[in-house]
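Shown next: query-v6.txt, given as compact mmCIF, C-alpha atoms.
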# COMPACT_ATOMS: atom_id res chain seq x y z
CA MET V 5 0.00 0.00 0.00
CA ASN V 6 2.80 2.41 0.91
CA GLU V 7 4.59 1.55 -2.34
CA LEU V 8 1.44 2.30 -4.35
CA ASN V 9 1.00 5.65 -2.63
CA ALA V 10 4.65 6.51 -3.20
CA LEU V 11 4.45 5.65 -6.89
CA ARG V 12 1.49 8.01 -7.29
CA THR V 13 3.47 11.02 -6.00
CA PRO V 14 5.17 13.38 -8.51
CA GLU V 15 8.53 11.76 -7.70
CA GLY V 16 7.10 8.27 -8.15
CA GLY V 17 5.41 9.21 -11.39
CA ALA V 18 8.63 10.66 -12.77
CA LEU V 19 10.49 7.47 -11.84
CA LEU V 20 7.84 5.32 -13.55
CA ASP V 21 8.28 7.37 -16.71
CA GLU V 22 12.06 6.99 -16.53
CA VAL V 23 12.08 3.21 -16.08
CA ARG V 24 9.35 2.56 -18.65
CA GLY V 25 10.40 -0.27 -20.95
CA THR V 26 13.60 -1.04 -19.04
CA ASP V 27 15.34 -4.14 -20.39
CA PRO V 28 15.46 -6.75 -17.57
CA ALA V 29 19.15 -7.28 -18.32
CA ARG V 30 19.81 -3.62 -17.48
CA GLU V 31 17.71 -3.39 -14.32
CA LEU V 32 20.67 -3.61 -11.94
CA ALA V 33 22.55 -0.83 -13.71
CA VAL V 34 19.44 1.35 -13.89
CA ALA V 35 18.64 0.75 -10.22
CA THR V 36 22.21 1.60 -9.16
CA ARG V 37 22.08 4.88 -11.06
CA LEU V 38 18.64 5.92 -9.82
CA ARG V 39 19.40 5.14 -6.17
CA ARG V 40 21.90 7.99 -6.15
CA ASP V 41 19.01 10.45 -6.25
CA HIS V 42 15.96 8.48 -5.04
CA PRO V 43 15.09 6.19 -2.10
CA ALA V 44 16.06 2.59 -2.79
CA GLU V 45 12.58 1.32 -1.91
CA LEU V 46 10.94 3.69 -4.40
CA VAL V 47 13.36 2.71 -7.16
CA SER V 48 12.66 -1.00 -6.54
CA ALA V 49 8.91 -0.36 -6.54
CA ALA V 50 9.10 1.58 -9.83
CA LEU V 51 11.14 -1.15 -11.54
CA GLY V 52 8.77 -3.83 -10.24
CA GLN V 53 5.78 -1.90 -11.52
CA ALA V 54 7.48 -1.42 -14.89
CA ARG V 55 7.88 -5.20 -15.21
CA LEU V 56 4.22 -5.74 -14.39
CA ARG V 57 3.16 -3.11 -16.91
CA GLN V 58 5.18 -4.83 -19.62
CA ARG V 59 3.44 -8.13 -18.83
CA ALA V 60 0.05 -6.41 -18.82
CA VAL V 61 0.37 -5.04 -22.35
CA ALA V 62 -0.85 -8.35 -23.81
CA LYS V 63 -4.11 -8.05 -21.86
CA PHE V 64 -4.72 -4.31 -21.63
CA GLY V 65 -2.85 -2.79 -24.57
CA ALA V 66 0.15 -0.50 -24.32
CA ASP V 67 -1.80 2.70 -23.61
CA ASP V 68 -3.83 1.46 -20.63
CA ALA V 69 -1.07 -0.80 -19.29
CA GLY V 70 1.32 2.14 -19.30
CA ARG V 71 -0.98 4.13 -17.00
CA MET V 72 -2.45 1.46 -14.76
CA PHE V 73 -1.07 -0.13 -11.59
CA PHE V 74 -0.78 -3.86 -11.09
CA THR V 75 -0.04 -6.60 -8.60
CA PRO V 76 1.49 -9.92 -9.74
CA ASN V 77 -1.79 -11.77 -9.10
CA GLY V 78 -3.71 -8.95 -10.71
CA VAL V 79 -1.86 -9.29 -14.00
CA GLU V 80 -2.20 -13.07 -13.94
CA GLN V 81 -5.89 -13.26 -13.07
CA SER V 82 -7.36 -10.20 -14.79
CA THR V 83 -9.59 -10.51 -17.83
CA ARG V 84 -8.22 -9.66 -21.26
CA ALA V 85 -9.58 -6.20 -22.16
CA SER V 86 -11.21 -7.40 -25.39
CA VAL V 87 -13.18 -10.07 -23.51
CA ALA V 88 -14.19 -7.65 -20.74
CA ALA V 89 -15.34 -5.12 -23.34
CA TYR V 90 -17.45 -7.76 -25.09
CA ARG V 91 -19.16 -8.72 -21.81
CA ALA V 92 -19.75 -5.08 -20.97
CA ARG V 93 -21.43 -4.53 -24.36
CA ARG V 94 -23.71 -7.50 -23.70
CA MET V 95 -24.63 -6.00 -20.34
CA ARG V 96 -25.42 -2.68 -21.97
CA GLU V 97 -27.53 -4.36 -24.67
CA LEU V 98 -29.53 -6.04 -21.89
CA GLY V 99 -30.42 -2.57 -20.59
CA VAL V 100 -28.10 -2.75 -17.58
CA THR V 101 -27.06 0.65 -16.22
CA SER V 102 -25.50 -0.39 -12.90
CA VAL V 103 -23.44 -3.43 -11.86
CA ALA V 104 -22.11 -4.77 -8.58
CA ASP V 105 -18.69 -6.17 -9.59
CA LEU V 106 -17.87 -8.67 -6.85
CA CYS V 107 -14.24 -9.87 -6.53
CA CYS V 108 -13.19 -6.96 -8.78
CA GLY V 109 -9.44 -7.57 -8.58
CA ILE V 110 -7.41 -4.70 -10.01
CA GLY V 111 -10.51 -3.38 -11.80
CA GLY V 112 -10.21 -4.64 -15.37
CA ASP V 113 -13.88 -5.61 -15.69
CA ALA V 114 -15.04 -2.49 -13.84
CA ILE V 115 -13.10 -0.37 -16.33
CA ALA V 116 -14.77 -2.09 -19.29
CA LEU V 117 -18.21 -1.71 -17.73
CA ALA V 118 -17.64 1.98 -16.99
CA ARG V 119 -16.44 2.61 -20.53
CA ALA V 120 -19.73 1.11 -21.71
CA GLY V 121 -21.48 3.81 -19.66
CA ILE V 122 -22.42 1.54 -16.74
CA ARG V 123 -22.14 2.63 -13.11
CA VAL V 124 -20.07 0.14 -11.10
CA LEU V 125 -19.64 -0.84 -7.47
CA ALA V 126 -16.31 -2.70 -7.45
CA VAL V 127 -15.71 -4.84 -4.36
CA ASP V 128 -12.64 -6.73 -3.18
CA ARG V 129 -11.67 -7.79 0.32
CA ASP V 130 -7.91 -7.41 -0.14
CA PRO V 131 -6.82 -3.89 0.89
CA LEU V 132 -4.00 -3.56 -1.65
CA THR V 133 -6.09 -4.98 -4.51
CA ALA V 134 -8.93 -2.58 -3.74
CA ALA V 135 -6.48 0.32 -3.57
CA VAL V 136 -5.02 -0.63 -6.96
CA ALA V 137 -8.52 -0.85 -8.48
CA ARG V 138 -9.31 2.62 -7.11
CA ALA V 139 -6.04 4.01 -8.47
CA ASN V 140 -6.75 2.53 -11.90
CA ALA V 141 -10.22 4.05 -12.03
CA GLU V 142 -8.71 7.44 -11.20
CA GLU V 143 -5.78 7.13 -13.62
CA LEU V 144 -8.12 6.26 -16.50
CA GLY V 145 -10.60 9.03 -15.70
CA LEU V 146 -13.41 6.70 -14.65
CA ALA V 147 -13.67 7.46 -10.93
CA ASP V 148 -17.05 9.14 -11.42
CA LEU V 149 -18.52 5.81 -12.60
CA ILE V 150 -16.57 3.36 -10.42
CA GLU V 151 -16.95 3.20 -6.65
CA VAL V 152 -14.37 0.85 -5.12
CA ARG V 153 -15.17 -0.74 -1.77
CA GLU V 154 -12.90 -2.87 0.40
CA ALA V 155 -15.26 -5.50 1.80
CA ASP V 156 -16.19 -9.17 1.95
CA VAL V 157 -18.40 -9.70 -1.11
CA THR V 158 -20.68 -12.04 0.82
CA GLU V 159 -21.66 -9.10 3.04
CA VAL V 160 -22.43 -6.58 0.28
CA ASP V 161 -26.03 -5.59 -0.45
CA THR V 162 -26.48 -5.67 -4.24
CA GLY V 163 -30.19 -4.89 -4.19
CA GLY V 164 -29.83 -1.45 -5.77
CA TYR V 165 -28.06 -2.68 -8.91
CA ASP V 166 -29.40 -3.89 -12.25
CA ALA V 167 -26.86 -6.70 -12.45
CA VAL V 168 -24.25 -8.65 -10.54
CA PHE V 169 -20.91 -9.72 -11.96
CA VAL V 170 -18.86 -12.24 -10.01
CA ASP V 171 -15.32 -13.32 -10.84
CA PRO V 172 -14.37 -15.79 -8.09
CA ALA V 173 -10.74 -16.58 -7.37
CA ARG V 174 -9.84 -19.80 -9.18
CA ARG V 175 -6.25 -20.12 -8.04
CA GLY V 176 -4.93 -21.37 -4.73
CA GLY V 177 -1.56 -22.11 -3.21
CA ARG V 178 -1.19 -25.15 -5.49
CA GLY V 179 -2.28 -23.50 -8.73
CA ARG V 180 -5.55 -23.62 -10.64
CA ILE V 181 -8.71 -24.75 -8.89
CA PHE V 182 -10.96 -26.99 -10.98
CA ASP V 183 -13.77 -27.71 -8.49
CA PRO V 184 -16.31 -24.84 -8.78
CA GLU V 185 -17.20 -25.27 -5.11
CA ALA V 186 -13.56 -24.62 -4.21
CA TYR V 187 -13.69 -21.18 -5.87
CA SER V 188 -13.53 -18.21 -3.53
CA PRO V 189 -16.40 -17.54 -3.08
CA PRO V 190 -17.90 -20.93 -4.11
CA LEU V 191 -19.95 -21.15 -7.29
CA SER V 192 -23.07 -22.04 -5.29
CA TRP V 193 -22.85 -18.73 -3.42
CA ALA V 194 -22.31 -16.83 -6.68
CA VAL V 195 -25.36 -18.51 -8.22
CA GLU V 196 -27.51 -17.49 -5.24
CA ALA V 197 -26.30 -13.89 -5.64
CA ALA V 198 -27.04 -14.05 -9.37
CA LEU V 199 -30.60 -15.30 -8.86
CA ARG V 200 -31.37 -12.32 -6.63
CA ALA V 201 -30.53 -9.84 -9.40
CA PRO V 202 -32.44 -9.00 -12.60
CA HIS V 203 -29.33 -9.91 -14.59
CA ALA V 204 -26.02 -11.53 -13.70
CA ALA V 205 -22.83 -12.88 -15.21
CA LEU V 206 -20.52 -15.31 -13.43
CA LYS V 207 -17.04 -15.83 -14.84
CA VAL V 208 -15.94 -19.45 -14.52
CA ALA V 209 -13.12 -21.62 -15.83
CA PRO V 210 -13.65 -22.78 -19.44
CA GLY V 211 -13.21 -26.37 -18.29
CA ILE V 212 -16.33 -26.26 -16.11
CA PRO V 213 -18.32 -29.50 -16.57
CA HIS V 214 -21.59 -28.96 -18.40
CA GLU V 215 -23.40 -30.80 -15.62
CA ALA V 216 -22.21 -28.11 -13.18
CA VAL V 217 -24.02 -25.36 -15.14
CA PRO V 218 -27.23 -24.37 -13.29
CA GLU V 219 -30.49 -24.93 -15.16
CA ALA V 220 -31.36 -21.24 -14.85
CA ALA V 221 -28.16 -20.14 -16.60
CA GLU V 222 -27.09 -19.54 -20.16
CA ALA V 223 -23.56 -20.87 -20.67
CA GLU V 224 -21.22 -19.02 -23.02
CA TRP V 225 -17.67 -20.00 -23.90
CA ILE V 226 -15.46 -17.19 -25.25
CA SER V 227 -12.28 -17.37 -27.29
CA ASP V 228 -10.08 -14.49 -28.42
CA GLY V 229 -7.85 -14.94 -31.44
CA GLY V 230 -8.44 -18.68 -31.29
CA ASP V 231 -7.51 -19.06 -27.60
CA VAL V 232 -10.29 -20.04 -25.18
CA LYS V 233 -10.30 -17.46 -22.41
CA GLU V 234 -13.29 -18.15 -20.19
CA ALA V 235 -16.81 -19.36 -19.72
CA VAL V 236 -19.60 -17.09 -18.49
CA LEU V 237 -22.83 -18.13 -16.84
CA TRP V 238 -25.51 -15.56 -17.69
CA PHE V 239 -28.73 -15.17 -15.71
CA GLY V 240 -31.78 -13.30 -16.89
CA THR V 241 -31.09 -14.10 -20.57
CA GLY V 242 -31.91 -17.58 -21.85
CA PRO V 243 -32.06 -20.49 -19.39
CA GLY V 244 -30.41 -23.58 -20.83
CA LEU V 245 -28.98 -21.74 -23.83
CA VAL V 246 -25.43 -22.67 -24.89
CA ARG V 247 -23.25 -20.35 -26.95
CA ALA V 248 -19.72 -20.13 -28.31
CA THR V 249 -18.46 -16.62 -29.01
CA LEU V 250 -15.34 -15.89 -31.02
CA LEU V 251 -13.46 -12.61 -30.73
CA PRO V 252 -12.69 -10.39 -32.50
CA GLY V 253 -16.05 -10.04 -34.11
CA PRO V 254 -17.95 -11.05 -32.12
CA ARG V 255 -19.27 -14.15 -33.87
CA THR V 256 -21.64 -16.28 -31.83
CA LEU V 257 -22.74 -19.85 -32.50
CA THR V 258 -25.83 -20.94 -30.59
CA GLY V 259 -26.61 -24.54 -29.70
CA ARG V 260 -29.68 -26.12 -31.29
CA GLY V 261 -29.61 -29.47 -29.54
CA LEU V 262 -28.33 -31.38 -32.56
CA ALA V 263 -27.44 -35.05 -32.29
CA ASP V 264 -23.78 -36.05 -32.48
CA PRO V 265 -22.56 -36.17 -36.09
CA GLU V 266 -22.00 -39.55 -37.70
CA VAL V 267 -18.52 -40.93 -38.21
CA ARG V 268 -17.60 -40.96 -41.89
CA PRO V 269 -14.55 -41.70 -44.07
CA VAL V 270 -11.87 -39.06 -44.45
CA GLY V 271 -12.95 -36.48 -46.99
CA ARG V 272 -10.99 -33.92 -48.92
CA PHE V 273 -11.26 -31.35 -46.15
CA LEU V 274 -10.70 -31.37 -42.40
CA TYR V 275 -12.28 -28.74 -40.16
CA GLU V 276 -10.72 -27.92 -36.80
CA PRO V 277 -13.41 -26.24 -34.66
CA ASP V 278 -12.48 -23.27 -32.50
CA GLY V 279 -11.76 -24.20 -28.89
CA ALA V 280 -14.83 -22.31 -27.65
CA VAL V 281 -17.01 -24.38 -29.99
CA ILE V 282 -15.51 -27.59 -28.64
CA ARG V 283 -15.89 -26.51 -25.01
CA ALA V 284 -19.52 -25.56 -25.67
CA HIS V 285 -20.18 -29.00 -27.23
CA LEU V 286 -21.29 -27.39 -30.50
CA VAL V 287 -19.21 -29.45 -32.92
CA ALA V 288 -22.45 -30.86 -34.38
CA GLU V 289 -23.51 -27.35 -35.37
CA VAL V 290 -20.22 -26.86 -37.25
CA ALA V 291 -20.54 -30.27 -38.91
CA GLN V 292 -23.98 -29.34 -40.16
CA GLN V 293 -22.68 -26.01 -41.52
CA VAL V 294 -19.99 -27.70 -43.59
CA GLY V 295 -21.98 -30.81 -44.51
CA GLY V 296 -19.55 -33.13 -42.77
CA GLY V 297 -19.14 -35.80 -40.13
CA LEU V 298 -16.57 -36.88 -37.56
CA LEU V 299 -13.30 -38.70 -38.16
CA ASP V 300 -13.88 -40.55 -34.90
CA ALA V 301 -16.80 -40.59 -32.47
CA THR V 302 -14.65 -39.25 -29.62
CA ILE V 303 -12.60 -36.59 -31.45
CA ALA V 304 -13.65 -33.07 -32.46
CA TYR V 305 -12.30 -33.12 -36.00
CA VAL V 306 -14.89 -32.71 -38.75
CA THR V 307 -14.32 -34.04 -42.27
CA ALA V 308 -16.18 -33.13 -45.46
CA ASP V 309 -15.86 -33.41 -49.24
CA GLU V 310 -16.59 -29.80 -50.13
CA PRO V 311 -14.97 -26.53 -48.96
CA ARG V 312 -17.39 -24.32 -47.06
CA ASP V 313 -16.56 -21.15 -45.19
CA THR V 314 -17.35 -21.03 -41.49
CA PRO V 315 -15.94 -18.64 -38.91
CA TYR V 316 -16.20 -21.37 -36.28
CA ALA V 317 -13.57 -23.74 -37.66
CA THR V 318 -10.31 -23.65 -39.60
CA ALA V 319 -10.36 -25.66 -42.83
CA TYR V 320 -7.48 -27.76 -44.17
CA GLU V 321 -7.24 -29.53 -47.51
CA ILE V 322 -6.10 -33.10 -46.87
CA THR V 323 -3.60 -34.61 -49.29
CA ASP V 324 -2.70 -37.87 -47.53
CA HIS V 325 -4.29 -40.28 -45.05
CA LEU V 326 -1.79 -42.76 -43.60
CA PRO V 327 -1.64 -45.16 -40.65
CA PHE V 328 0.63 -43.75 -37.94
CA ASN V 329 4.22 -44.58 -38.87
CA VAL V 330 7.17 -42.32 -38.06
CA LYS V 331 9.51 -43.78 -40.70
CA LYS V 332 6.95 -43.41 -43.49
CA LEU V 333 6.24 -39.83 -42.46
CA LYS V 334 9.93 -38.93 -42.38
CA ALA V 335 10.47 -40.41 -45.85
CA LEU V 336 7.42 -38.63 -47.26
CA LEU V 337 8.49 -35.24 -45.90
CA ARG V 338 11.98 -35.69 -47.35
CA GLU V 339 10.56 -36.71 -50.72
CA ARG V 340 8.36 -33.60 -50.87
CA GLY V 341 11.04 -31.16 -49.75
CA VAL V 342 9.25 -30.07 -46.61
CA GLY V 343 10.98 -27.36 -44.60
CA VAL V 344 8.08 -26.07 -42.52
CA LEU V 345 6.14 -28.62 -40.48
CA THR V 346 3.14 -27.91 -38.26
CA VAL V 347 2.04 -30.77 -36.02
CA LYS V 348 -1.43 -30.83 -34.49
CA LYS V 349 -2.89 -33.60 -32.42
CA ARG V 350 -6.16 -34.72 -30.93
CA GLY V 351 -6.61 -38.20 -29.52
CA SER V 352 -2.91 -39.05 -29.79
CA ALA V 353 -0.31 -39.55 -27.04
CA VAL V 354 2.56 -38.44 -29.30
CA GLU V 355 4.10 -35.07 -28.39
CA PRO V 356 4.26 -32.74 -31.42
CA GLU V 357 7.75 -31.41 -30.63
CA GLU V 358 9.13 -34.91 -30.21
CA LEU V 359 7.68 -36.01 -33.54
CA ARG V 360 8.99 -32.89 -35.28
CA ARG V 361 12.53 -33.63 -34.07
CA LYS V 362 12.31 -37.21 -35.32
CA VAL V 363 10.85 -36.61 -38.76
CA LEU V 364 12.37 -33.25 -39.64
CA PRO V 365 15.69 -32.89 -37.83
CA LYS V 366 16.90 -30.71 -40.70
CA PRO V 367 14.64 -28.94 -43.22
CA HIS V 368 14.99 -30.37 -46.73
CA GLY V 369 13.20 -27.68 -48.66
CA THR V 370 10.66 -24.86 -48.50
CA ALA V 371 7.35 -26.71 -48.73
CA ALA V 372 4.97 -26.39 -45.77
CA VAL V 373 2.83 -29.23 -44.43
CA THR V 374 0.44 -29.65 -41.53
CA VAL V 375 0.29 -33.11 -39.95
CA PHE V 376 -2.70 -34.14 -37.84
CA LEU V 377 -2.05 -36.94 -35.35
CA THR V 378 -5.45 -38.38 -34.53
CA ARG V 379 -7.67 -41.42 -34.81
CA VAL V 380 -9.84 -42.34 -37.75
CA ALA V 381 -12.67 -44.69 -36.74
CA GLY V 382 -10.61 -45.75 -33.73
CA ALA V 383 -7.29 -46.37 -35.53
CA PRO V 384 -4.20 -44.15 -35.03
CA ALA V 385 -3.67 -42.12 -38.18
CA MET V 386 -1.72 -39.30 -39.78
CA LEU V 387 -3.48 -36.79 -42.02
CA LEU V 388 -1.31 -34.47 -44.09
CA GLY V 389 -2.62 -31.26 -45.54
CA ARG V 390 -2.44 -27.51 -45.81
CA PRO V 391 -4.72 -24.62 -44.80
CA ALA V 392 -7.56 -24.30 -47.28
CA PRO V 393 -8.04 -20.89 -48.94
CA ARG V 394 -11.16 -19.09 -47.83

Let me see the structure of the file written as structure tokens.
Amino acid sequence: MNELNALRTPEGGALLDEVRGTDPARELAVATRLRRDHPAELVSAALGQARLRQRAVAKFGADDAGRMFFTPNGVEQSTRASVAAYRARRMRELGVTSVADLCCGIGGDAIALARAGIRVLAVDRDPLTAAVARANAEELGLADLIEVREADVTEVDTGGYDAVFVDPARRGGRGRIFDPEAYSPPLSWAVEAALRAPHAALKVAPGIPHEAVPEAAEAEWISDGGDVKEAVLWFGTGPGLVRATLLPGPRTLTGRGLADPEVRPVGRFLYEPDGAVIRAHLVAEVAQQVGGGLLDATIAYVTADEPRDTPYATAYEITDHLPFNVKKLKALLRERGVGVLTVKKRGSAVEPEELRRKVLPKPHGTAAVTVFLTRVAGAPAMLLGRPAPR
């Protein structure tokens, strides 16, 4: 807390500007020079904050990250700004004008909500985390829309707000927590808080079992740039609805309760569904879009004979279908002058890097090939191909 206050003084601000973008290899030299004119503790705090800001650029962008304050946990656990902005837009479209943001962390979601024109009560029980959230609201000019309160979220009255947003802690001393009831606060408490509000959104791990989703909730899995970032349980929207949303866009695929696709022979094209689609169990919807079926009943690869555009899967044109055999693959790659090899797997125990070292120790040309290690109708197989033009 004292370090945060010191960094927000004119001297601290000047130091932050001076150490911005410092190369980690030069930190010792920079620290030695700055300590001649500034307190050692302040110099260390400024360099530590500079490191955190560099890490935060990937989530918040250079402009915001360069003005905000962070804690190590805050950088690690905060929502990517693009995802937070998407959720905030959904809230606004639902007519929400005020949100109780419970377990607000360093304020990333509160910032997105405020930028959507929504009034926010941001609550966190950790004194330093709450102070950082308050500082961030002030630094970004959003203090008039964000009230930060240091409190236990289970004791906060949310009755005066249009919606509740809960982002429980999903990390403990031993890493990620997979049991929703081991979240802090537990998912059951968050669901009770959600049911008391006209609208609510609960951020949960993307690996949440579908059977753990409450009947009253809509479940949405979100990916950004092809990486699955989170799942959100929405209340007050569509009970039982399942969605996969891909950013940027957004593009949203909604479940229609389709039966599992049939297994069929390998076609000319392979479709790799986006991770959010797979997590949402909406592979059948993609298969229907492209007129295809599954390579194997237990694997989320779709195969089809015709090329069809879909934003929810990446298409590859398949040139070869072979039983799994390292020697044959190595010989084939040499014969075709392959110098760039991409290895993807699903349903295979083989590690892509290990296979790449075995079959392509030295590039033999400039051709590029993608190899899929998978199963076809239960049998280990290798599919070779290349990205299909859209």

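Among the candidates V:Ile226, V:Leu251, V:Ala308, V:Val246, the one nearest to V:Pro265 when counting only C-alpha atoms is V:Ala308.
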
Q: Do a neighbour search on V:Val270 at 9 Å with all atoms listed in the file, toss out local chain neighbours closer than 6 positions, and write the hits as a PyMOL selection string.
A: chain V and resi 298-299+307-309+322+325+380

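If you measure from each of V:Ala216, V:Val168, V:Ala85, V:Val347 to V:Lys233 using only C-alpha atoms, the closest one turns out to be V:Ala85.
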
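With only C-alpha atoms as the atoms that count, the minimum distance from V:Thr83 to the choices V:Val236, V:Ala198, V:Ile282, V:Leu336 is reached by V:Val236.
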
Q. Of the candidates V:Leu326, V:Leu19, V:Ala139, V:Val47, which shows the shortest atom-to-atom distance to V:Arg71, using all atoms listed in the file?
A.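 Among the listed residues, V:Ala139 lies closest to V:Arg71.
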
Q) Contacts of V:Val294 at 12 Å or less, counting all atoms listed in the file, minus same-chain residues fewer than 2 places along, as an MDAnalysis selection string? A) chainID V and resid 265 271 273:277 287:292 296:298 306:319

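Among the candidates V:Cys108, V:Val342, V:Arg24, V:Leu38, the one nearest to V:Gly369 when counting only C-alpha atoms is V:Val342.
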
Q | V:Pro189 environment, 10 Å, only C-alpha atoms, sequence neighbours closer than 5 positions dropped, as a list in words | A |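 In the requested form, the answer reads Leu106, Cys107, Asp156, Val157, Thr158, Val170, Asp171, Pro172, Ala173, Arg174, Pro184 and Ala194 of chain V.
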
So that I have them on file, write out the residues from the current selection with C-alpha atoms, as a short mmCIF file (atom, residue, chain, number, x, y, z; two decimals), in the frame of the given file.
data_model
loop_
_atom_site.label_atom_id
_atom_site.label_comp_id
_atom_site.auth_asym_id
_atom_site.auth_seq_id
_atom_site.Cartn_x
_atom_site.Cartn_y
_atom_site.Cartn_z
CA LEU V 106 -17.87 -8.67 -6.85
CA CYS V 107 -14.24 -9.87 -6.53
CA ASP V 156 -16.19 -9.17 1.95
CA VAL V 157 -18.40 -9.70 -1.11
CA THR V 158 -20.68 -12.04 0.82
CA VAL V 170 -18.86 -12.24 -10.01
CA ASP V 171 -15.32 -13.32 -10.84
CA PRO V 172 -14.37 -15.79 -8.09
CA ALA V 173 -10.74 -16.58 -7.37
CA ARG V 174 -9.84 -19.80 -9.18
CA PRO V 184 -16.31 -24.84 -8.78
CA ALA V 194 -22.31 -16.83 -6.68
#

(Q) I'd like the contact shell of V:Val330 - 9 Å cut-off, only C-alpha atoms, skipping same-chain residues fewer than 2 positions apart - returned as a list in words. (A) Phe328, Lys332, Leu333, Lys334, Ala335, Leu359, Lys362 and Val363 of chain V

Q.
Can you measure atom CA of V:Leu257 to atom CA of V:Lys349 for me? One decimal in Å is fine.
A.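 Straight-line distance from atom CA of V:Leu257 to atom CA of V:Lys349 works out to 24.1 Å.
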
Q) With only C-alpha atoms as the atoms that count, which of V:Lys207, V:Lys331, V:Arg283, V:Arg340 lies nearest to V:Gln81? A) V:Lys207

Q: Using all atoms listed in the file, find all polymer residues with an atom at most 9 Å away from the point (8.3, -25.3, -46.2); report them as a VMD selection string.
A: chain V and resid 341 to 345 367 to 373

Preceding selection exported with C-alpha atoms as a CSV table (one decimal), keeping the file's coordinate frame:
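This is the output file part-v3.csv:
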chain,number,residue,atom,x,y,z
V,341,GLY,CA,11.0,-31.2,-49.8
V,342,VAL,CA,9.2,-30.1,-46.6
V,343,GLY,CA,11.0,-27.4,-44.6
V,344,VAL,CA,8.1,-26.1,-42.5
V,345,LEU,CA,6.1,-28.6,-40.5
V,367,PRO,CA,14.6,-28.9,-43.2
V,368,HIS,CA,15.0,-30.4,-46.7
V,369,GLY,CA,13.2,-27.7,-48.7
V,370,THR,CA,10.7,-24.9,-48.5
V,371,ALA,CA,7.4,-26.7,-48.7
V,372,ALA,CA,5.0,-26.4,-45.8
V,373,VAL,CA,2.8,-29.2,-44.4

Q) Rounded to one decimal in Å, what is the spacing between atom CA of V:Gly163 and atom CA of V:Ile122? A) 16.1 Å

Q: For the point (-29.7, -6.5, -13.0) in the file's frame, write as an MDAnalysis selection string all residues with an atom no more than 9 Å away, counting all atoms listed in the file.
A: chainID V and resid 95 98:104 163:168 198 200:204 240

Output C-alpha atoms for every residue in that selection, as a compact mmCIF listing (two decimals), in the frame of the given file.
# COMPACT_ATOMS: atom_id res chain seq x y z
CA MET V 95 -24.63 -6.00 -20.34
CA LEU V 98 -29.53 -6.04 -21.89
CA GLY V 99 -30.42 -2.57 -20.59
CA VAL V 100 -28.10 -2.75 -17.58
CA THR V 101 -27.06 0.65 -16.22
CA SER V 102 -25.50 -0.39 -12.90
CA VAL V 103 -23.44 -3.43 -11.86
CA ALA V 104 -22.11 -4.77 -8.58
CA GLY V 163 -30.19 -4.89 -4.19
CA GLY V 164 -29.83 -1.45 -5.77
CA TYR V 165 -28.06 -2.68 -8.91
CA ASP V 166 -29.40 -3.89 -12.25
CA ALA V 167 -26.86 -6.70 -12.45
CA VAL V 168 -24.25 -8.65 -10.54
CA ALA V 198 -27.04 -14.05 -9.37
CA ARG V 200 -31.37 -12.32 -6.63
CA ALA V 201 -30.53 -9.84 -9.40
CA PRO V 202 -32.44 -9.00 -12.60
CA HIS V 203 -29.33 -9.91 -14.59
CA ALA V 204 -26.02 -11.53 -13.70
CA GLY V 240 -31.78 -13.30 -16.89

Need the shell around V:Gly253: protein/DNA/RNA residues with any atom at most 10 Å away, counting only C-alpha atoms. Skip same-chain ones fewer than 5 positions apart. Format as a CSV table (one decimal) with C-alpha atoms, in the frame of the given file?
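Below is the file selection-v9.csv, written as the result:
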chain,number,residue,atom,x,y,z
V,90,TYR,CA,-17.4,-7.8,-25.1
V,228,ASP,CA,-10.1,-14.5,-28.4
V,229,GLY,CA,-7.8,-14.9,-31.4
V,315,PRO,CA,-15.9,-18.6,-38.9

Q. What is the atom CA of V:Thr249 to atom CA of V:Ala116 distance in Å?
A.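 These atoms are spaced 17.9 Å apart.
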